[in-house]
Amino acid sequence: MPQSPSEQIRQRFRHIQDVKFASARPEPALTARAHEPDIVVETWMNSRLHIYLLAKAPKPRQLKSILKQNTSGGIGTLFLVEAALLPGDGYCGRLRDWQDDLRVMSLGAIYAYSQGESGLRLIQVNLDETTQRGEFIVWHSGDFPCDAVSVRRREYQTNIRGRWFVGDIASPQFKRRISEARARQRFHYRSQGRQPSGNEPINAAYLALEIEVGAGQAAVKEAFRKLAREYHPDVSAHDKQEAERRFNEVKSAYERIKTHRHWR
């Protein structure tokens with residue numbers, strides 16, 4: 001009997017080095033009990049993450065309700081969306097409200113899953129703003145390597161306004177590859193006559209700090225201090241070369257945002 005998507009994804013999480021355990025409900029989210037996670041993940045650092053498989057389009061208030069419930073218990077939230085619900089690779093146009101909310105939560109991307117003949121695939125669906133207000137160009141990063149789990153508290157100013165614990169499953173190495181891919185995409189946009197947003201450089205600074213674009217001064221400062229502590233070469237548990245690169249990236253991003261927003 002074929003395994004359910006939740007079971008296949010759980011198996012992937014079990015092989016992540018920093019995951020202590022990953023348990024799944026017997027049935028996927030098709031049961032429509034929105035506040036029950038499909039997968040519960042706990043790391044060796046005692047962070048807990050609830051993962052929800054969205055097999056149908058959610059309502060924005062449903063997303064916020066789940067975030068509120070989990071954050072009150074110190075639990076991170078991660079949504080994995082059935083890929084068929086999202087715009088296809090190369091799409092250019094507007095997003096639905098719930099898609100935009102998930103984009104903001106994951107700093108410019110949405111994590112998705114797809115079940116095919118070759119098995120289940122995890123996909124990162126990237127959404128880049130164009131110069132047309134409210135318009136996005138969509139590109140898929142292919143099979144996503146599920147090799148990291150982190151939970152952080154972030155502040156949002158959109159429909160899901162608030163400070164919530166959210167989960168991430170992208171490693172620093174994968175994020176770096178995506179950053180390089182975005183640079184290649186910019187060339188592609190120009191060749192197609194569709195320019196990315198002129199705010200892209202400053203938007204990239206917010207992404208480097210792992211916060212929502214346009215976040216307030218307190219949120220920016222908090223993110224900078226947290227990441228600076230994590231990646232300072234003298235104390236970081238990360239590879240020294242990677243820590244130095246990331247520390248400099250975080251410091252530069254913080255300074256760019258301060259200059260752009262005229263903060264002292």
# chains A, B, ... in the order shown; residues from 1 in each chain; ligands from 1
>>> residues_around(residues="region 8-23 of chain A", least_positions_apart="6", cutoff="12 Å", atoms="only C-alpha atoms", output="ChimeraX atom specification")
/A:2,37-53,80,112-115,119-122,144-150,169-171
>>> residues_around(residues="Ala228 (chain A)", least_positions_apart="5", cutoff="8 Å", atoms="only C-alpha atoms", output="number ranges by chain")
A: 247, 250-251
>>> residues_around(residues="region 207-215 of chain A", least_positions_apart="5", cutoff="7 Å", atoms="only C-alpha atoms", output="JSON, numbers by chain")
{"A": [104, 107, 154, 155, 156, 220, 223, 224, 249, 250, 253]}
>>> write_last_selection(atoms="N, CA and C atoms", output="mmCIF file, in the first residue's frame")
data_model
loop_
_atom_site.group_PDB
_atom_site.id
_atom_site.type_symbol
_atom_site.label_atom_id
_atom_site.label_comp_id
_atom_site.auth_asym_id
_atom_site.auth_seq_id
_atom_site.Cartn_x
_atom_site.Cartn_y
_atom_site.Cartn_z
ATOM 1 N N VAL A 104 5.122 35.607 2.531
ATOM 2 C CA VAL A 104 5.708 36.474 3.553
ATOM 3 C C VAL A 104 6.283 35.642 4.694
ATOM 4 N N LEU A 107 9.663 34.183 3.744
ATOM 5 C CA LEU A 107 10.657 35.121 3.225
ATOM 6 C C LEU A 107 10.830 35.018 1.714
ATOM 7 N N ARG A 154 9.099 35.648 14.344
ATOM 8 C CA ARG A 154 9.173 36.730 13.371
ATOM 9 C C ARG A 154 7.928 37.601 13.457
ATOM 10 N N GLU A 155 8.102 38.848 13.051
ATOM 11 C CA GLU A 155 6.999 39.808 13.087
ATOM 12 C C GLU A 155 6.510 40.072 11.671
ATOM 13 N N TYR A 156 5.175 40.100 11.504
ATOM 14 C CA TYR A 156 4.577 40.317 10.194
ATOM 15 C C TYR A 156 3.579 41.467 10.264
ATOM 16 N N VAL A 220 13.916 44.477 13.277
ATOM 17 C CA VAL A 220 15.179 44.428 12.537
ATOM 18 C C VAL A 220 16.355 44.315 13.502
ATOM 19 N N ALA A 223 16.457 40.839 15.104
ATOM 20 C CA ALA A 223 16.940 39.820 14.168
ATOM 21 C C ALA A 223 18.450 39.928 13.985
ATOM 22 N N PHE A 224 18.941 41.158 13.867
ATOM 23 C CA PHE A 224 20.381 41.354 13.700
ATOM 24 C C PHE A 224 21.153 40.821 14.904
ATOM 25 N N GLU A 249 27.488 39.067 6.075
ATOM 26 C CA GLU A 249 26.256 39.296 5.325
ATOM 27 C C GLU A 249 25.195 39.937 6.214
ATOM 28 N N VAL A 250 25.058 39.416 7.434
ATOM 29 C CA VAL A 250 24.071 39.942 8.377
ATOM 30 C C VAL A 250 24.404 41.385 8.762
ATOM 31 N N ALA A 253 23.688 43.689 5.820
ATOM 32 C CA ALA A 253 22.247 43.847 5.612
ATOM 33 C C ALA A 253 21.655 44.815 6.629
#
>>> atom_distance(atom1="CA of Asp128 (chain A)", atom2="CA of Gly88 (chain A)")
13.4 Å
>>> atom_distance(atom1="CA of Asp168 (chain A)", atom2="CA of Arg103 (chain A)")
12.5 Å
>>> closest_residue(among="A:Arg264, A:Lys240, A:Lys59, A:Arg152", to="Asp100 (chain A)", atoms="only C-alpha atoms")
A:Lys59
>>> select_by_dssp(residues="region 48-217 of chain A", states="strand (DSSP E)", output="JSON, numbers by chain")
{"A": [48, 49, 50, 51, 52, 53, 54, 76, 77, 78, 79, 80, 81, 82, 92, 93, 109, 110, 111, 112, 113, 114, 115, 116, 119, 120, 121, 122, 123, 124, 125, 126, 127, 128, 129, 136, 137, 138, 139, 140, 141, 142, 143, 150, 151, 152, 153, 154, 155, 156, 162, 163, 164, 165, 166, 167, 168]}
>>> residues_around(residues="region 91-99 of chain A", least_positions_apart="4", cutoff="8 Å", atoms="only C-alpha atoms", output="list in words")
Ala57, Pro58, Lys59, Pro60, Leu86, Pro87, Arg103, Ile110, Gly134, Glu135, Phe136, Ile137, Val138 and Trp139 of chain A
>>> write_last_selection(atoms="C-alpha atoms", output="CSV table (one decimal), in the first residue's frame")
chain,number,residue,atom,x,y,z
A,57,ALA,CA,-6.7,26.4,-0.4
A,58,PRO,CA,-6.8,27.7,3.2
A,59,LYS,CA,-8.4,31.0,4.4
A,60,PRO,CA,-6.0,33.7,5.7
A,86,LEU,CA,0.3,27.2,-6.5
A,87,PRO,CA,1.2,29.1,-9.7
A,103,ARG,CA,5.2,33.9,0.8
A,110,ILE,CA,6.5,28.7,-0.4
A,134,GLY,CA,1.2,43.3,-6.7
A,135,GLU,CA,2.7,41.2,-9.6
A,136,PHE,CA,5.1,38.3,-9.0
A,137,ILE,CA,7.2,36.1,-11.2
A,138,VAL,CA,7.2,32.5,-10.0
A,139,TRP,CA,10.0,30.0,-10.4
>>> select_by_dssp(residues="region 15-148 of chain A", states="alpha helix (DSSP H)", output="PyMOL selection string")
chain A and resi 60-72+97-105
>>> write_last_selection(atoms="N, CA, C and O atoms", output="mmCIF file, in the first residue's frame")
data_model
loop_
_atom_site.group_PDB
_atom_site.id
_atom_site.type_symbol
_atom_site.label_atom_id
_atom_site.label_comp_id
_atom_site.auth_asym_id
_atom_site.auth_seq_id
_atom_site.Cartn_x
_atom_site.Cartn_y
_atom_site.Cartn_z
ATOM 1 N N PRO A 60 -7.064 32.964 4.917
ATOM 2 C CA PRO A 60 -6.047 33.672 5.708
ATOM 3 C C PRO A 60 -6.303 33.613 7.210
ATOM 4 O O PRO A 60 -5.369 33.467 8.001
ATOM 5 N N ARG A 61 -7.569 33.710 7.622
ATOM 6 C CA ARG A 61 -7.846 33.679 9.060
ATOM 7 C C ARG A 61 -7.546 32.301 9.653
ATOM 8 O O ARG A 61 -7.243 32.184 10.843
ATOM 9 N N GLN A 62 -7.627 31.261 8.821
ATOM 10 C CA GLN A 62 -7.283 29.920 9.282
ATOM 11 C C GLN A 62 -5.784 29.832 9.556
ATOM 12 O O GLN A 62 -5.357 29.268 10.570
ATOM 13 N N LEU A 63 -4.981 30.409 8.658
ATOM 14 C CA LEU A 63 -3.533 30.410 8.855
ATOM 15 C C LEU A 63 -3.173 31.142 10.145
ATOM 16 O O LEU A 63 -2.354 30.670 10.940
ATOM 17 N N LYS A 64 -3.804 32.296 10.354
ATOM 18 C CA LYS A 64 -3.491 33.087 11.545
ATOM 19 C C LYS A 64 -3.921 32.365 12.812
ATOM 20 O O LYS A 64 -3.237 32.419 13.843
ATOM 21 N N SER A 65 -5.050 31.670 12.753
ATOM 22 C CA SER A 65 -5.529 30.930 13.916
ATOM 23 C C SER A 65 -4.543 29.835 14.309
ATOM 24 O O SER A 65 -4.264 29.620 15.498
ATOM 25 N N ILE A 66 -3.998 29.141 13.312
ATOM 26 C CA ILE A 66 -3.012 28.090 13.588
ATOM 27 C C ILE A 66 -1.742 28.697 14.168
ATOM 28 O O ILE A 66 -1.175 28.185 15.141
ATOM 29 N N LEU A 67 -1.286 29.803 13.584
ATOM 30 C CA LEU A 67 -0.089 30.473 14.093
ATOM 31 C C LEU A 67 -0.278 30.903 15.544
ATOM 32 O O LEU A 67 0.613 30.732 16.380
ATOM 33 N N LYS A 68 -1.442 31.455 15.837
ATOM 34 C CA LYS A 68 -1.716 31.936 17.189
ATOM 35 C C LYS A 68 -1.724 30.789 18.186
ATOM 36 O O LYS A 68 -1.136 30.881 19.272
ATOM 37 N N GLN A 69 -2.362 29.694 17.810
ATOM 38 C CA GLN A 69 -2.441 28.546 18.712
ATOM 39 C C GLN A 69 -1.058 27.981 19.005
ATOM 40 O O GLN A 69 -0.711 27.708 20.160
ATOM 41 N N ASN A 70 -0.252 27.806 17.971
ATOM 42 C CA ASN A 70 1.065 27.210 18.170
ATOM 43 C C ASN A 70 2.018 28.144 18.907
ATOM 44 O O ASN A 70 2.773 27.715 19.783
ATOM 45 N N THR A 71 1.984 29.430 18.554
ATOM 46 C CA THR A 71 2.892 30.379 19.200
ATOM 47 C C THR A 71 2.617 30.470 20.691
ATOM 48 O O THR A 71 3.544 30.612 21.496
ATOM 49 N N SER A 72 1.354 30.372 21.078
ATOM 50 C CA SER A 72 1.021 30.437 22.505
ATOM 51 C C SER A 72 1.670 29.295 23.281
ATOM 52 O O SER A 72 1.898 29.402 24.485
ATOM 53 N N ASP A 97 -4.670 35.863 -1.732
ATOM 54 C CA ASP A 97 -4.292 36.383 -0.415
ATOM 55 C C ASP A 97 -3.535 35.350 0.413
ATOM 56 O O ASP A 97 -2.516 35.662 1.041
ATOM 57 N N TRP A 98 -4.016 34.114 0.441
ATOM 58 C CA TRP A 98 -3.359 33.108 1.273
ATOM 59 C C TRP A 98 -1.977 32.752 0.734
ATOM 60 O O TRP A 98 -1.059 32.460 1.514
ATOM 61 N N GLN A 99 -1.807 32.810 -0.588
ATOM 62 C CA GLN A 99 -0.491 32.553 -1.169
ATOM 63 C C GLN A 99 0.490 33.650 -0.772
ATOM 64 O O GLN A 99 1.655 33.378 -0.453
ATOM 65 N N ASP A 100 0.015 34.893 -0.776
ATOM 66 C CA ASP A 100 0.879 36.002 -0.385
ATOM 67 C C ASP A 100 1.252 35.909 1.088
ATOM 68 O O ASP A 100 2.383 36.210 1.475
ATOM 69 N N ASP A 101 0.317 35.473 1.933
ATOM 70 C CA ASP A 101 0.622 35.304 3.353
ATOM 71 C C ASP A 101 1.715 34.255 3.561
ATOM 72 O O ASP A 101 2.644 34.452 4.348
ATOM 73 N N LEU A 102 1.614 33.140 2.852
ATOM 74 C CA LEU A 102 2.634 32.096 2.979
ATOM 75 C C LEU A 102 3.970 32.564 2.419
ATOM 76 O O LEU A 102 5.033 32.213 2.939
ATOM 77 N N ARG A 103 3.923 33.362 1.362
ATOM 78 C CA ARG A 103 5.159 33.925 0.799
ATOM 79 C C ARG A 103 5.878 34.780 1.841
ATOM 80 O O ARG A 103 7.097 34.679 2.025
ATOM 81 N N VAL A 104 5.122 35.607 2.531
ATOM 82 C CA VAL A 104 5.708 36.474 3.553
ATOM 83 C C VAL A 104 6.283 35.642 4.694
ATOM 84 O O VAL A 104 7.382 35.904 5.189
ATOM 85 N N MET A 105 5.559 34.609 5.108
ATOM 86 C CA MET A 105 6.020 33.764 6.210
ATOM 87 C C MET A 105 7.363 33.120 5.915
ATOM 88 O O MET A 105 8.217 32.991 6.794
#
>>> atom_distance(atom1="CA of Ala109 (chain A)", atom2="CA of Leu85 (chain A)")
14.1 Å
>>> closest_residue(among="A:Thr77, A:Thr158, A:Ser106, A:Gln124", to="Asp89 (chain A)", atoms="only C-alpha atoms")
A:Gln124
